[in-house]
Each structure stands twice: as structure tokens, then as C-alpha cells.
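The structure file protein_32.pdb is reproduced below (PDB, C-alpha atoms).
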ATOM      1  CA  MET X   1    -110.571 159.078   7.338
ATOM      2  CA  ASP X   2    -109.130 155.585   6.632
ATOM      3  CA  ARG X   3    -106.087 157.220   5.023
ATOM      4  CA  LEU X   4    -105.628 159.560   8.018
ATOM      5  CA  SER X   5    -105.999 156.683  10.468
ATOM      6  CA  GLY X   6    -103.350 154.792   8.547
ATOM      7  CA  LEU X   7    -100.967 157.744   8.682
ATOM      8  CA  MET X   8    -101.507 158.116  12.425
ATOM      9  CA  ALA X   9    -100.938 154.402  12.968
ATOM     10  CA  PHE X  10     -97.739 154.515  10.920
ATOM     11  CA  ALA X  11     -96.414 157.658  12.667
ATOM     12  CA  ARG X  12     -97.044 156.232  16.144
ATOM     13  CA  THR X  13     -95.419 152.933  15.226
ATOM     14  CA  ALA X  14     -92.386 154.751  13.824
ATOM     15  CA  GLU X  15     -92.150 156.818  17.001
ATOM     16  CA  LEU X  16     -92.666 154.029  19.555
ATOM     17  CA  GLY X  17     -91.129 151.083  17.729
ATOM     18  CA  SER X  18     -93.959 148.561  18.148
ATOM     19  CA  PHE X  19     -97.547 147.943  17.146
ATOM     20  CA  VAL X  20     -98.477 147.255  20.775
ATOM     21  CA  ALA X  21     -97.182 150.611  22.025
ATOM     22  CA  ALA X  22     -98.725 152.440  19.066
ATOM     23  CA  GLY X  23    -102.085 150.751  19.672
ATOM     24  CA  ARG X  24    -101.959 151.658  23.345
ATOM     25  CA  ALA X  25    -101.259 155.317  22.457
ATOM     26  CA  LEU X  26    -104.063 155.402  19.861
ATOM     27  CA  GLY X  27    -106.577 153.444  21.929
ATOM     28  CA  ILE X  28    -106.877 150.595  19.426
ATOM     29  CA  SER X  29    -105.538 147.047  19.194
ATOM     30  CA  ALA X  30    -102.027 146.200  18.017
ATOM     31  CA  SER X  31    -103.621 144.109  15.273
ATOM     32  CA  ALA X  32    -105.572 147.128  14.005
ATOM     33  CA  VAL X  33    -102.377 149.198  13.910
ATOM     34  CA  GLY X  34    -100.551 146.495  11.973
ATOM     35  CA  LYS X  35    -103.365 146.157   9.448
ATOM     36  CA  SER X  36    -103.504 149.940   8.907
ATOM     37  CA  VAL X  37     -99.779 150.086   8.199
ATOM     38  CA  ALA X  38     -99.976 147.044   5.943
ATOM     39  CA  ARG X  39    -102.745 148.731   3.900
ATOM     40  CA  LEU X  40    -100.502 151.790   3.436
ATOM     41  CA  GLU X  41     -97.628 149.606   2.259
ATOM     42  CA  GLN X  42     -99.901 147.715  -0.113
ATOM     43  CA  GLU X  43    -101.394 150.933  -1.474
ATOM     44  CA  PHE X  44     -98.004 152.547  -2.149
ATOM     45  CA  GLY X  45     -96.219 149.346  -3.118
ATOM     46  CA  VAL X  46     -93.343 150.156  -0.768
ATOM     47  CA  ARG X  47     -92.220 148.538   2.486
ATOM     48  CA  LEU X  48     -92.215 151.235   5.168
ATOM     49  CA  LEU X  49     -91.337 149.209   8.268
ATOM     50  CA  GLN X  50     -88.669 146.605   8.918
ATOM     51  CA  ARG X  51     -90.292 144.059  11.226
ATOM     52  CA  SER X  52     -88.409 141.776  13.617
ATOM     53  CA  THR X  53     -89.333 139.761  16.684
ATOM     54  CA  ARG X  54     -87.800 142.365  19.002
ATOM     55  CA  ARG X  55     -88.448 145.766  17.435
ATOM     56  CA  ILE X  56     -89.923 147.491  14.420
ATOM     57  CA  GLY X  57     -87.715 149.943  12.523
ATOM     58  CA  LEU X  58     -88.069 152.202   9.516
ATOM     59  CA  THR X  59     -86.802 151.351   6.063
ATOM     60  CA  GLU X  60     -85.073 154.108   4.096
ATOM     61  CA  GLU X  61     -88.345 154.799   2.295
ATOM     62  CA  GLY X  62     -90.118 154.744   5.635
ATOM     63  CA  LYS X  63     -87.792 157.378   7.078
ATOM     64  CA  LEU X  64     -88.505 159.762   4.207
ATOM     65  CA  PHE X  65     -92.226 159.071   4.405
ATOM     66  CA  ASN X  66     -92.255 159.572   8.186
ATOM     67  CA  GLU X  67     -90.769 163.081   7.870
ATOM     68  CA  ARG X  68     -93.590 164.140   5.562
ATOM     69  CA  VAL X  69     -96.266 162.391   7.600
ATOM     70  CA  ARG X  70     -95.161 164.148  10.780
ATOM     71  CA  ARG X  71     -95.509 167.497   9.012
ATOM     72  CA  ILE X  72     -98.984 166.593   7.772
ATOM     73  CA  LEU X  73    -100.124 165.575  11.243
ATOM     74  CA  ASP X  74     -98.603 168.733  12.744
ATOM     75  CA  ASP X  75    -100.506 170.817  10.196
ATOM     76  CA  ILE X  76    -103.719 169.023  11.107
ATOM     77  CA  ASP X  77    -103.071 169.762  14.765
ATOM     78  CA  ASP X  78    -102.534 173.427  13.920
ATOM     79  CA  ALA X  79    -105.731 173.545  11.866
ATOM     80  CA  GLU X  80    -107.701 172.039  14.735
ATOM     81  CA  ALA X  81    -106.189 174.611  17.070
ATOM     82  CA  MET X  82    -107.363 177.373  14.749
ATOM     83  CA  LEU X  83    -110.925 176.059  14.506
ATOM     84  CA  SER X  84    -111.566 174.785  18.004
ATOM     85  CA  ARG X  85    -112.283 177.196  20.845
ATOM     86  CA  THR X  86    -111.080 174.610  23.294
ATOM     87  CA  ARG X  87    -107.614 174.933  21.753
ATOM     88  CA  GLU X  88    -107.166 178.687  21.642
ATOM     89  CA  THR X  89    -104.134 178.430  23.920
ATOM     90  CA  PRO X  90    -100.972 177.981  21.760
ATOM     91  CA  HIS X  91     -99.610 174.484  22.199
ATOM     92  CA  GLY X  92     -97.498 171.779  20.603
ATOM     93  CA  ARG X  93     -93.892 171.399  19.484
ATOM     94  CA  LEU X  94     -92.290 174.493  17.941
ATOM     95  CA  ARG X  95     -89.224 173.747  15.789
ATOM     96  CA  VAL X  96     -86.754 176.636  15.556
ATOM     97  CA  SER X  97     -83.489 176.699  13.587
ATOM     98  CA  THR X  98     -80.955 179.338  14.576
ATOM     99  CA  PRO X  99     -77.156 179.939  14.450
ATOM    100  CA  ILE X 100     -75.131 178.475  17.319
ATOM    101  CA  VAL X 101     -74.005 181.827  18.627
ATOM    102  CA  THR X 102     -77.574 183.146  19.029
ATOM    103  CA  TYR X 103     -77.983 181.273  22.279
ATOM    104  CA  HIS X 104     -76.537 184.452  23.817
ATOM    105  CA  LEU X 105     -79.627 186.252  22.530
ATOM    106  CA  LEU X 106     -82.299 183.639  23.094
ATOM    107  CA  LEU X 107     -81.500 181.960  26.395
ATOM    108  CA  PRO X 108     -82.019 185.083  28.564
ATOM    109  CA  VAL X 109     -85.586 185.495  27.256
ATOM    110  CA  LEU X 110     -86.747 181.921  26.656
ATOM    111  CA  SER X 111     -87.684 181.328  30.288
ATOM    112  CA  GLU X 112     -90.162 184.197  30.024
ATOM    113  CA  PHE X 113     -91.597 182.762  26.815
ATOM    114  CA  MET X 114     -92.013 179.306  28.346
ATOM    115  CA  ALA X 115     -93.649 180.771  31.442
ATOM    116  CA  ARG X 116     -96.072 182.723  29.253
ATOM    117  CA  TYR X 117     -96.849 179.740  26.963
ATOM    118  CA  PRO X 118     -96.358 176.580  29.062
ATOM    119  CA  GLU X 119     -98.130 174.331  26.540
ATOM    120  CA  ILE X 120     -95.539 175.015  23.813
ATOM    121  CA  GLU X 121     -92.596 172.618  23.622
ATOM    122  CA  LEU X 122     -89.571 174.396  22.158
ATOM    123  CA  ASP X 123     -87.335 172.283  19.915
ATOM    124  CA  ILE X 124     -84.367 174.529  19.041
ATOM    125  CA  ASP X 125     -81.624 173.469  16.642
ATOM    126  CA  PHE X 126     -78.568 175.651  17.295
ATOM    127  CA  ASN X 127     -76.713 174.968  14.052
ATOM    128  CA  ASP X 128     -74.745 177.096  11.590
ATOM    129  CA  ARG X 129     -76.021 175.031   8.669
ATOM    130  CA  ILE X 130     -78.521 176.843   6.434
ATOM    131  CA  VAL X 131     -81.635 174.680   6.559
ATOM    132  CA  ASP X 132     -84.415 174.349   3.997
ATOM    133  CA  VAL X 133     -87.264 175.623   6.153
ATOM    134  CA  ILE X 134     -90.031 174.033   4.085
ATOM    135  CA  ASP X 135     -88.458 170.680   3.197
ATOM    136  CA  GLU X 136     -87.164 170.080   6.739
ATOM    137  CA  GLY X 137     -90.397 171.049   8.483
ATOM    138  CA  ILE X 138     -88.945 173.987  10.426
ATOM    139  CA  ASP X 139     -91.559 176.299  11.955
ATOM    140  CA  VAL X 140     -89.282 179.342  12.333
ATOM    141  CA  ALA X 141     -85.699 179.976  11.227
ATOM    142  CA  ILE X 142     -83.528 182.866  12.386
ATOM    143  CA  ARG X 143     -80.941 184.222   9.944
ATOM    144  CA  SER X 144     -79.152 187.338   8.833
ATOM    145  CA  GLY X 145     -77.726 188.365   5.484
ATOM    146  CA  ASP X 146     -79.360 187.813   2.101
ATOM    147  CA  LEU X 147     -82.765 186.106   2.149
ATOM    148  CA  PRO X 148     -83.346 184.952  -1.441
ATOM    149  CA  ASP X 149     -86.099 182.356  -0.844
ATOM    150  CA  SER X 150     -89.365 183.909  -2.033
ATOM    151  CA  ARG X 151     -91.349 181.078  -0.417
ATOM    152  CA  LEU X 152     -90.602 182.535   3.015
ATOM    153  CA  VAL X 153     -92.038 185.408   5.001
ATOM    154  CA  SER X 154     -89.487 187.413   7.002
ATOM    155  CA  ARG X 155     -89.781 189.695   9.992
ATOM    156  CA  PRO X 156     -86.984 191.714  11.648
ATOM    157  CA  VAL X 157     -86.174 190.561  15.140
ATOM    158  CA  ALA X 158     -82.926 192.200  16.316
ATOM    159  CA  PRO X 159     -80.404 194.635  14.809
ATOM    160  CA  PHE X 160     -76.713 194.132  15.463
ATOM    161  CA  ARG X 161     -73.272 195.580  14.773
ATOM    162  CA  MET X 162     -70.052 193.848  13.836
ATOM    163  CA  LEU X 163     -67.032 195.156  15.766
ATOM    164  CA  LEU X 164     -63.272 194.800  15.364
ATOM    165  CA  CYS X 165     -61.832 193.744  18.707
ATOM    166  CA  ALA X 166     -58.472 192.892  20.224
ATOM    167  CA  ALA X 167     -57.159 191.942  23.655
ATOM    168  CA  PRO X 168     -55.164 194.499  25.699
ATOM    169  CA  SER X 169     -52.195 192.101  25.646
ATOM    170  CA  TYR X 170     -52.223 192.070  21.832
ATOM    171  CA  LEU X 171     -52.497 195.860  21.585
ATOM    172  CA  ASP X 172     -49.635 196.249  24.055
ATOM    173  CA  ARG X 173     -47.407 194.161  21.769
ATOM    174  CA  HIS X 174     -48.508 195.509  18.380
ATOM    175  CA  GLY X 175     -50.014 198.918  19.078
ATOM    176  CA  THR X 176     -53.554 200.195  18.452
ATOM    177  CA  PRO X 177     -54.408 200.825  14.779
ATOM    178  CA  GLY X 178     -55.650 204.367  14.137
ATOM    179  CA  VAL X 179     -56.692 203.919  10.487
ATOM    180  CA  PRO X 180     -57.338 200.807   8.367
ATOM    181  CA  ALA X 181     -53.970 201.162   6.621
ATOM    182  CA  ASP X 182     -52.267 200.488   9.985
ATOM    183  CA  LEU X 183     -53.523 196.906   9.831
ATOM    184  CA  ILE X 184     -50.601 196.002   7.572
ATOM    185  CA  ARG X 185     -48.614 195.659  10.815
ATOM    186  CA  HIS X 186     -51.239 193.455  12.508
ATOM    187  CA  PHE X 187     -52.563 189.894  12.560
ATOM    188  CA  GLY X 188     -56.191 188.997  11.873
ATOM    189  CA  ILE X 189     -58.429 186.162  13.054
ATOM    190  CA  ASN X 190     -60.844 185.313  10.253
ATOM    191  CA  PHE X 191     -64.298 183.740  10.243
ATOM    192  CA  ARG X 192     -65.173 181.275   7.465
ATOM    193  CA  PHE X 193     -68.859 180.693   6.633
ATOM    194  CA  LEU X 194     -69.748 177.028   7.029
ATOM    195  CA  ASN X 195     -72.017 176.827   3.981
ATOM    196  CA  SER X 196     -70.117 178.794   1.329
ATOM    197  CA  GLY X 197     -66.554 178.560   2.642
ATOM    198  CA  ARG X 198     -66.191 182.309   2.055
ATOM    199  CA  LEU X 199     -64.348 184.477   4.572
ATOM    200  CA  LEU X 200     -66.324 187.137   6.419
ATOM    201  CA  ASP X 201     -65.505 190.573   5.026
ATOM    202  CA  TRP X 202     -64.593 193.133   7.636
ATOM    203  CA  PRO X 203     -67.169 195.947   7.348
ATOM    204  CA  PHE X 204     -65.043 199.025   6.636
ATOM    205  CA  ILE X 205     -66.813 202.197   5.593
ATOM    206  CA  ALA X 206     -66.964 202.644   1.827
ATOM    207  CA  GLY X 207     -64.192 204.916   0.596
ATOM    208  CA  ASP X 208     -61.546 203.722   3.035
ATOM    209  CA  ALA X 209     -58.518 202.197   1.364
ATOM    210  CA  GLU X 210     -58.727 198.397   1.336
ATOM    211  CA  PRO X 211     -56.670 197.363   4.391
ATOM    212  CA  ARG X 212     -54.164 194.534   4.290
ATOM    213  CA  ILE X 213     -53.744 192.289   7.310
ATOM    214  CA  ARG X 214     -51.902 189.021   7.807
ATOM    215  CA  SER X 215     -54.071 186.070   8.805
ATOM    216  CA  MET X 216     -53.100 184.400  12.064
ATOM    217  CA  LEU X 217     -56.034 181.987  12.311
ATOM    218  CA  THR X 218     -59.223 181.086  10.414
ATOM    219  CA  CYS X 219     -62.165 179.232  11.960
ATOM    220  CA  ASN X 220     -65.871 178.647  11.323
ATOM    221  CA  ASN X 221     -67.092 179.161  14.893
ATOM    222  CA  MET X 222     -67.637 182.585  16.455
ATOM    223  CA  GLU X 223     -67.063 181.301  19.984
ATOM    224  CA  ALA X 224     -63.657 179.973  18.953
ATOM    225  CA  LEU X 225     -62.883 183.269  17.232
ATOM    226  CA  LYS X 226     -63.785 185.159  20.402
ATOM    227  CA  GLY X 227     -61.583 182.867  22.514
ATOM    228  CA  ALA X 228     -58.615 183.299  20.191
ATOM    229  CA  THR X 229     -59.054 187.071  20.247
ATOM    230  CA  ILE X 230     -59.223 187.192  24.051
ATOM    231  CA  ALA X 231     -56.073 185.040  24.103
ATOM    232  CA  GLY X 232     -54.269 187.833  22.243
ATOM    233  CA  LEU X 233     -53.696 186.031  18.934
ATOM    234  CA  GLY X 234     -54.916 188.907  16.774
ATOM    235  CA  ILE X 235     -57.781 191.221  15.825
ATOM    236  CA  GLY X 236     -61.190 189.601  15.287
ATOM    237  CA  CYS X 237     -64.470 190.774  13.788
ATOM    238  CA  MET X 238     -67.451 189.734  15.925
ATOM    239  CA  PRO X 239     -71.075 190.681  16.685
ATOM    240  CA  ASP X 240     -71.548 193.183  19.476
ATOM    241  CA  PHE X 241     -73.721 190.928  21.630
ATOM    242  CA  LEU X 242     -71.041 188.219  21.671
ATOM    243  CA  VAL X 243     -68.331 190.545  22.994
ATOM    244  CA  HIS X 244     -70.490 192.780  25.201
ATOM    245  CA  GLU X 245     -69.274 191.345  28.515
ATOM    246  CA  ALA X 246     -65.648 191.081  27.361
ATOM    247  CA  LEU X 247     -65.681 194.757  26.354
ATOM    248  CA  ARG X 248     -67.303 195.746  29.632
ATOM    249  CA  ASP X 249     -64.798 193.910  31.831
ATOM    250  CA  GLY X 250     -61.767 194.948  29.752
ATOM    251  CA  ARG X 251     -60.803 191.577  28.290
ATOM    252  CA  LEU X 252     -61.313 193.109  24.826
ATOM    253  CA  HIS X 253     -61.157 196.594  23.309
ATOM    254  CA  SER X 254     -62.869 197.645  20.088
ATOM    255  CA  VAL X 255     -60.648 199.280  17.471
ATOM    256  CA  LEU X 256     -61.195 201.426  14.357
ATOM    257  CA  ASP X 257     -64.786 202.212  15.409
ATOM    258  CA  ASP X 258     -64.861 205.371  13.255
ATOM    259  CA  HIS X 259     -63.925 203.325  10.188
ATOM    260  CA  VAL X 260     -66.334 200.404  10.605
ATOM    261  CA  ASP X 261     -69.957 200.221   9.485
ATOM    262  CA  GLY X 262     -71.037 196.786  10.657
ATOM    263  CA  ARG X 263     -74.791 197.228  10.871
ATOM    264  CA  GLY X 264     -76.910 194.144  10.222
ATOM    265  CA  GLN X 265     -80.280 192.647  11.009
ATOM    266  CA  PHE X 266     -81.499 189.300  12.246
ATOM    267  CA  ARG X 267     -84.774 188.099  10.738
ATOM    268  CA  MET X 268     -87.244 185.350  11.493
ATOM    269  CA  LEU X 269     -88.430 183.268   8.526
ATOM    270  CA  TRP X 270     -91.404 180.970   8.056
ATOM    271  CA  PRO X 271     -93.224 179.476   5.035
ATOM    272  CA  SER X 272     -95.469 181.969   3.249
ATOM    273  CA  ASN X 273     -97.953 179.441   1.905
ATOM    274  CA  ARG X 274     -98.993 177.933   5.221
ATOM    275  CA  TYR X 275    -101.437 178.972   7.929
ATOM    276  CA  LEU X 276     -99.575 180.758  10.704
ATOM    277  CA  SER X 277    -100.360 178.537  13.665
ATOM    278  CA  PRO X 278    -100.951 179.996  17.147
ATOM    279  CA  LYS X 279     -97.630 178.651  18.437
ATOM    280  CA  VAL X 280     -95.715 180.315  15.585
ATOM    281  CA  ARG X 281     -97.699 183.541  15.886
ATOM    282  CA  VAL X 282     -96.907 184.046  19.572
ATOM    283  CA  PHE X 283     -93.221 183.226  19.008
ATOM    284  CA  VAL X 284     -92.720 185.660  16.136
ATOM    285  CA  ASP X 285     -94.573 188.334  18.136
ATOM    286  CA  PHE X 286     -92.645 187.663  21.346
ATOM    287  CA  LEU X 287     -89.049 187.844  20.073
ATOM    288  CA  PRO X 288     -89.203 191.318  18.471
ATOM    289  CA  GLU X 289     -90.946 192.586  21.602
ATOM    290  CA  ARG X 290     -88.070 191.370  23.797
ATOM    291  CA  LEU X 291     -85.067 191.786  21.483
ATOM    292  CA  ALA X 292     -85.731 194.838  19.303
ATOM    293  CA  VAL X 293     -83.892 197.145  21.684
ATOM    294  CA  ALA X 294     -80.928 194.815  22.189
ATOM    295  CA  GLY X 295     -79.204 195.615  18.881
ATOM    296  CA  ASN X 296     -77.414 192.260  18.838
ATOM    297  CA  GLY X 297     -76.730 189.454  16.360
ATOM    298  CA  SER X 298     -74.275 187.340  14.423
ATOM    299  CA  PRO X 299     -73.327 186.795  10.796
ATOM    300  CA  ARG X 300     -74.829 184.097   8.612
ATOM    301  CA  GLU X 301     -74.330 183.065   5.020
TER     302      GLU X 301
END

Let's see the structure in the file written out as C-alpha cells.
Amino acid sequence: MDRLSGLMAFARTAELGSFVAAGRALGISASAVGKSVARLEQEFGVRLLQRSTRRIGLTEEGKLFNERVRRILDDIDDAEAMLSRTRETPHGRLRVSTPIVTYHLLLPVLSEFMARYPEIELDIDFNDRIVDVIDEGIDVAIRSGDLPDSRLVSRPVAPFRMLLCAAPSYLDRHGTPGVPADLIRHFGINFRFLNSGRLLDWPFIAGDAEPRIRSMLTCNNMEALKGATIAGLGIGCMPDFLVHEALRDGRLHSVLDDHVDGRGQFRMLWPSNRYLSPKVRVFVDFLPERLAVAGNGSPRE
């Protein structure tokens, strides 16, 4: 338990920036906190904290160590929740990584989740960067596309379709394409994946002749792509949930529907070699329940 006490003392000091505040949070003296951290540093032969008269900060080694320590302490909390009847209610911080554009999917249902599980603190990173779920301590990641990491368990959460869309003003100027070959007379707005730099392929049905279209604009943000398409700059390929309202109110029209097969699937991912904590379990059960019928999503790579 001395090792665990030392880790807790270090983590609290790193979080609060002083031995006094850490001791107050742990119910021990500031001197005891300082001695526990000093024993860790002596044991590992590495300075973890940069001490000054005004504030205590982390060294570079301390920052790396703190990330791992926080995960260890979170796992201990989850294990206690599993074993203790007094902690059957899911609780604690739940770290979720998801593409920026998925806030259209998640925000309408998160209030219900928080009302159902008020002791869970959601920490959502809306980011198009592909994270390393295990190394970065992510509880649940949401992605689509290829899922090559065998260390992760996946579960479908929401199907979606990619659509080709254009603004009425653009179609008035350039006409509405009837077949993919007509795109030679049109301008396209392309999406570039942030991680690979590859352009998103437009999902034409196999067997159609490869269409040629001039690029008007390329960007790595679906919201920007949607805005440029609504502004009439060209034809864009976007997920159905992102353009649902624009299609309904007439700001956009879908084109070449009979020639596009843009079906895809969002999935939730979590580490396969770890106990599925109550907070993760209720989250991965809740989302499919609320989103399975929506048929919405966005591309990832």
C-alpha cells in the first residue's frame, strides 16, 4: 500500500500544484505528501516534480509518469466500483474521443444520458485526429472506416450514408448531372483526411465509369465543406446527418442518388484486455439504443 499511497500523493500534487492542497485533499499532512513523493523519486532515480517557493510543477518525466498514474488510479476506481455494492451506480470521468462533426449526432442525446447517469462526468474530445485509445487512456473512441487494431473491441453504433450535394444556385448555373460522366462539366469540393492526407473517394456504384470532375476547393473539415457547398462553390460529398436540415429546407439538393452507394458504419472502440467498467458499459449500451435508427455518420481515416 506504500507504493499506492505514493502514487496517490504524486497524482494529487500534480493536479493541485502544492503539497498543502494535496494533503488537504488526501486528509494527511503536507509533509507526509512531500515525503511520499520524495520516496518515489528516490526509488525511480528520476525527478518528477519541479519545486519552487510559489508552485510545484511537473518535469517532462513527471508529465509522462502522471499520465500513466492517472490511468492506474482510474482502473483502481473502476475495480472498486465492480466489487463494492455501495458503488453499483456508474460514476467517474468517462473519456470519449470522437470526430468533430459527430457533435450533430451526440449532442441531441447526451442530455438524456447525463440525466440517466448523473454521477458520470463526460469528457469528450471532438477531434479528427486518430488517437491511440490504449496509450492515451481513452475509455471509448468513435470511428468509422477500417479498424485494424486487434487490441480493441468494436461495437456498431450508427449507420450512415454519404451523399453528393449541391446548392440550387450552383445547379441553376451548371445544370444537374444525370450520370457520373456529366461531372466533367462540374466543380467538386473535396475532403482531405487529416491523418493520411488522402482525398475522400466519392462512393460511386461499382461498374460506373470513373467520373472526372474539376476541383474547386479542398479542405479537411466537413463543416467547412458543407458551408462551401451551400455557398454554391461546387458539389460536395457529405454524411447524410450533416446535411439533413439543409436538404429539408432546400439549401441543398442531393444529386446522382441512383449512382452512389455511400453506406458506412460508425463503431465504438474500447480496449479488449481491460475490465469493462460500469461507466463504459452504460455508455456503449446507451448510444446504440438511441442512435441505431438514425442512420447517420461521418467519414474517418

Next on the checklist: Just the number, please: distance in Å from CA of Ser169 (chain X) to CA of Leu194 (chain X), one decimal.
Outcome noted: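 So the answer is 29.7 Å.
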
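Remark: for Ile142 (chain X), the closest of the candidate residues X:Asn220, X:Thr176, X:Gln265, X:Ser272 is X:Gln265 (distances computed over all atoms listed in the file).
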
Region 254-264 of chain X: axis-aligned bounding box, 5 Å on each side, centre and edge lengths in Å, one decimal, as JSON:
{"center_x": -68.8, "center_y": 199.8, "center_z": 14.8, "size_x": 26.3, "size_y": 21.2, "size_z": 20.6}

Checklist entry - Could you work out how far CA of Phe187 (chain X) lies from CA of Pro239 (chain X), giving the answer in Å with one decimal? => result 19.0 Å

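What separates CA of Val157 (chain X) from CA of Leu247 (chain X) is a distance of 23.7 Å.
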
Next on the checklist: Which residues would end up in the selection if the PyMOL selection byres ((chain X and resi 122) around 10) were applied here, given that I need the answer as a list of chain:residue names?
Outcome noted: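 Residues picked by the PyMOL selection byres ((chain X and resi 122) around 10): X:Gly92, X:Arg93, X:Leu94, X:Arg95, X:Val96, X:Leu110, X:Phe113, X:Met114, X:Pro118, X:Glu119, X:Ile120, X:Glu121, X:Asp123, X:Ile124, X:Asp125, X:Lys279.
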
Item to check | Residues matched by the PyMOL selection byres ((chain X and resi 178) around 12), written as JSON, numbers by chain | outcome: {"X": [171, 175, 176, 177, 179, 180, 181, 182, 183, 184, 185, 186, 254, 255, 256, 257, 258, 259, 260]}

What would the list of residues within 8 Å of (-100.0, 149.7, 9.8) (file frame) look like as a PDB file with C-alpha atoms, in the frame of the given file, if all atoms listed in the file are what count?
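Wrote point_26.pdb, looks like this:
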ATOM      1  CA  GLY X   6    -103.350 154.792   8.547  1.00  0.00           C
ATOM      2  CA  ALA X   9    -100.938 154.402  12.968  1.00  0.00           C
ATOM      3  CA  PHE X  10     -97.739 154.515  10.920  1.00  0.00           C
ATOM      4  CA  THR X  13     -95.419 152.933  15.226  1.00  0.00           C
ATOM      5  CA  PHE X  19     -97.547 147.943  17.146  1.00  0.00           C
ATOM      6  CA  ALA X  32    -105.572 147.128  14.005  1.00  0.00           C
ATOM      7  CA  VAL X  33    -102.377 149.198  13.910  1.00  0.00           C
ATOM      8  CA  GLY X  34    -100.551 146.495  11.973  1.00  0.00           C
ATOM      9  CA  LYS X  35    -103.365 146.157   9.448  1.00  0.00           C
ATOM     10  CA  SER X  36    -103.504 149.940   8.907  1.00  0.00           C
ATOM     11  CA  VAL X  37     -99.779 150.086   8.199  1.00  0.00           C
ATOM     12  CA  ALA X  38     -99.976 147.044   5.943  1.00  0.00           C
ATOM     13  CA  ARG X  39    -102.745 148.731   3.900  1.00  0.00           C
ATOM     14  CA  LEU X  40    -100.502 151.790   3.436  1.00  0.00           C
ATOM     15  CA  GLU X  41     -97.628 149.606   2.259  1.00  0.00           C
TER      16      GLU X  41
END

Checklist entry - Using the chain letters and numbers from the file, which residues does the PyMOL selection byres ((chain X and resi 216) around 10) grab, as a list in words? => result His186, Phe187, Gly188, Ile189, Asn190, Ile213, Arg214, Ser215, Leu217, Thr218, Ala228, Leu233, Gly234 and Ile235 of chain X

Item to check | Near-Val140 (chain X) list (6 Å; all atoms listed in the file; drop same-chain fewer than 2 positions) as an MDAnalysis selection string | outcome: chainID X and resid 96 138 269:270

What does the file look like for those residues with C-alpha atoms, as a JSON list (two decimals), in the frame of the given file?
[["chain", "number", "residue", "atom", "x", "y", "z"],
["X", 96, "VAL", "CA", -86.75, 176.64, 15.56],
["X", 138, "ILE", "CA", -88.94, 173.99, 10.43],
["X", 269, "LEU", "CA", -88.43, 183.27, 8.53],
["X", 270, "TRP", "CA", -91.40, 180.97, 8.06]]

Item to check | Selected residue, from X:Gly262, X:Pro108, X:Pro278, X:Gly227, that lies nearest to Gly145 (chain X) when counting all atoms listed in the file | outcome: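 Closest to Gly145 (chain X) of all the choices is X:Gly262.
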
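When only C-alpha atoms are used to compute distances to Ala22 (chain X), the closest of the residues X:Asp261, X:Leu252, X:Leu107, X:Met8 turns out to be X:Met8.
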
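For Thr59 (chain X), the residues within 7 Å (counting all atoms listed in the file, excluding itself and residues fewer than 6 positions away along the chain) are Leu48, Leu49 and Gln50 of chain X.
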
Item to check | Counting all atoms listed in the file, the option among X:Trp202, X:Tyr170, X:Phe283, X:Tyr103 closest to Gly232 (chain X) | outcome: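 Residue with the minimum atom-to-atom distance to Gly232 (chain X): X:Tyr170.
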
So which residues touch region 97-99 of chain X within 12 Å, counting all atoms listed in the file, skipping near sequence neighbours fewer than 4 positions away, as a compact mmCIF listing (two decimals) with C-alpha atoms, keeping the file's coordinate frame?
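Result saved to around.txt:
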# COMPACT_ATOMS: atom_id res chain seq x y z
CA TYR X 103 -77.98 181.27 22.28
CA HIS X 104 -76.54 184.45 23.82
CA LEU X 105 -79.63 186.25 22.53
CA LEU X 106 -82.30 183.64 23.09
CA LEU X 122 -89.57 174.40 22.16
CA ASP X 123 -87.34 172.28 19.92
CA ILE X 124 -84.37 174.53 19.04
CA ASP X 125 -81.62 173.47 16.64
CA PHE X 126 -78.57 175.65 17.30
CA ASN X 127 -76.71 174.97 14.05
CA ASP X 128 -74.74 177.10 11.59
CA ARG X 129 -76.02 175.03 8.67
CA ILE X 130 -78.52 176.84 6.43
CA VAL X 131 -81.64 174.68 6.56
CA ASP X 132 -84.42 174.35 4.00
CA VAL X 133 -87.26 175.62 6.15
CA ILE X 134 -90.03 174.03 4.08
CA GLU X 136 -87.16 170.08 6.74
CA GLY X 137 -90.40 171.05 8.48
CA ILE X 138 -88.94 173.99 10.43
CA ASP X 139 -91.56 176.30 11.96
CA VAL X 140 -89.28 179.34 12.33
CA ALA X 141 -85.70 179.98 11.23
CA ILE X 142 -83.53 182.87 12.39
CA ARG X 143 -80.94 184.22 9.94
CA SER X 144 -79.15 187.34 8.83
CA PHE X 193 -68.86 180.69 6.63
CA LEU X 194 -69.75 177.03 7.03
CA ASN X 220 -65.87 178.65 11.32
CA ASN X 221 -67.09 179.16 14.89
CA MET X 222 -67.64 182.58 16.45
CA GLU X 223 -67.06 181.30 19.98
CA PHE X 266 -81.50 189.30 12.25
CA ARG X 267 -84.77 188.10 10.74
CA MET X 268 -87.24 185.35 11.49
CA LEU X 269 -88.43 183.27 8.53
CA TRP X 270 -91.40 180.97 8.06
CA GLY X 297 -76.73 189.45 16.36
CA SER X 298 -74.28 187.34 14.42
CA PRO X 299 -73.33 186.80 10.80
CA ARG X 300 -74.83 184.10 8.61
CA GLU X 301 -74.33 183.06 5.02

Next on the checklist: Could you check the closest approach to Leu225 (chain X) for each of X:Glu80, X:Val153, X:Val101, X:Phe286 and tell me which residue wins, using all atoms listed in the file?
Outcome noted: X:Val101

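Minimum atom-to-atom distances from X:Ile72, X:Ala206, X:Ala79, X:Leu242 to Leu276 (chain X) were compared using only C-alpha atoms, and the lowest value belongs to X:Ala79.
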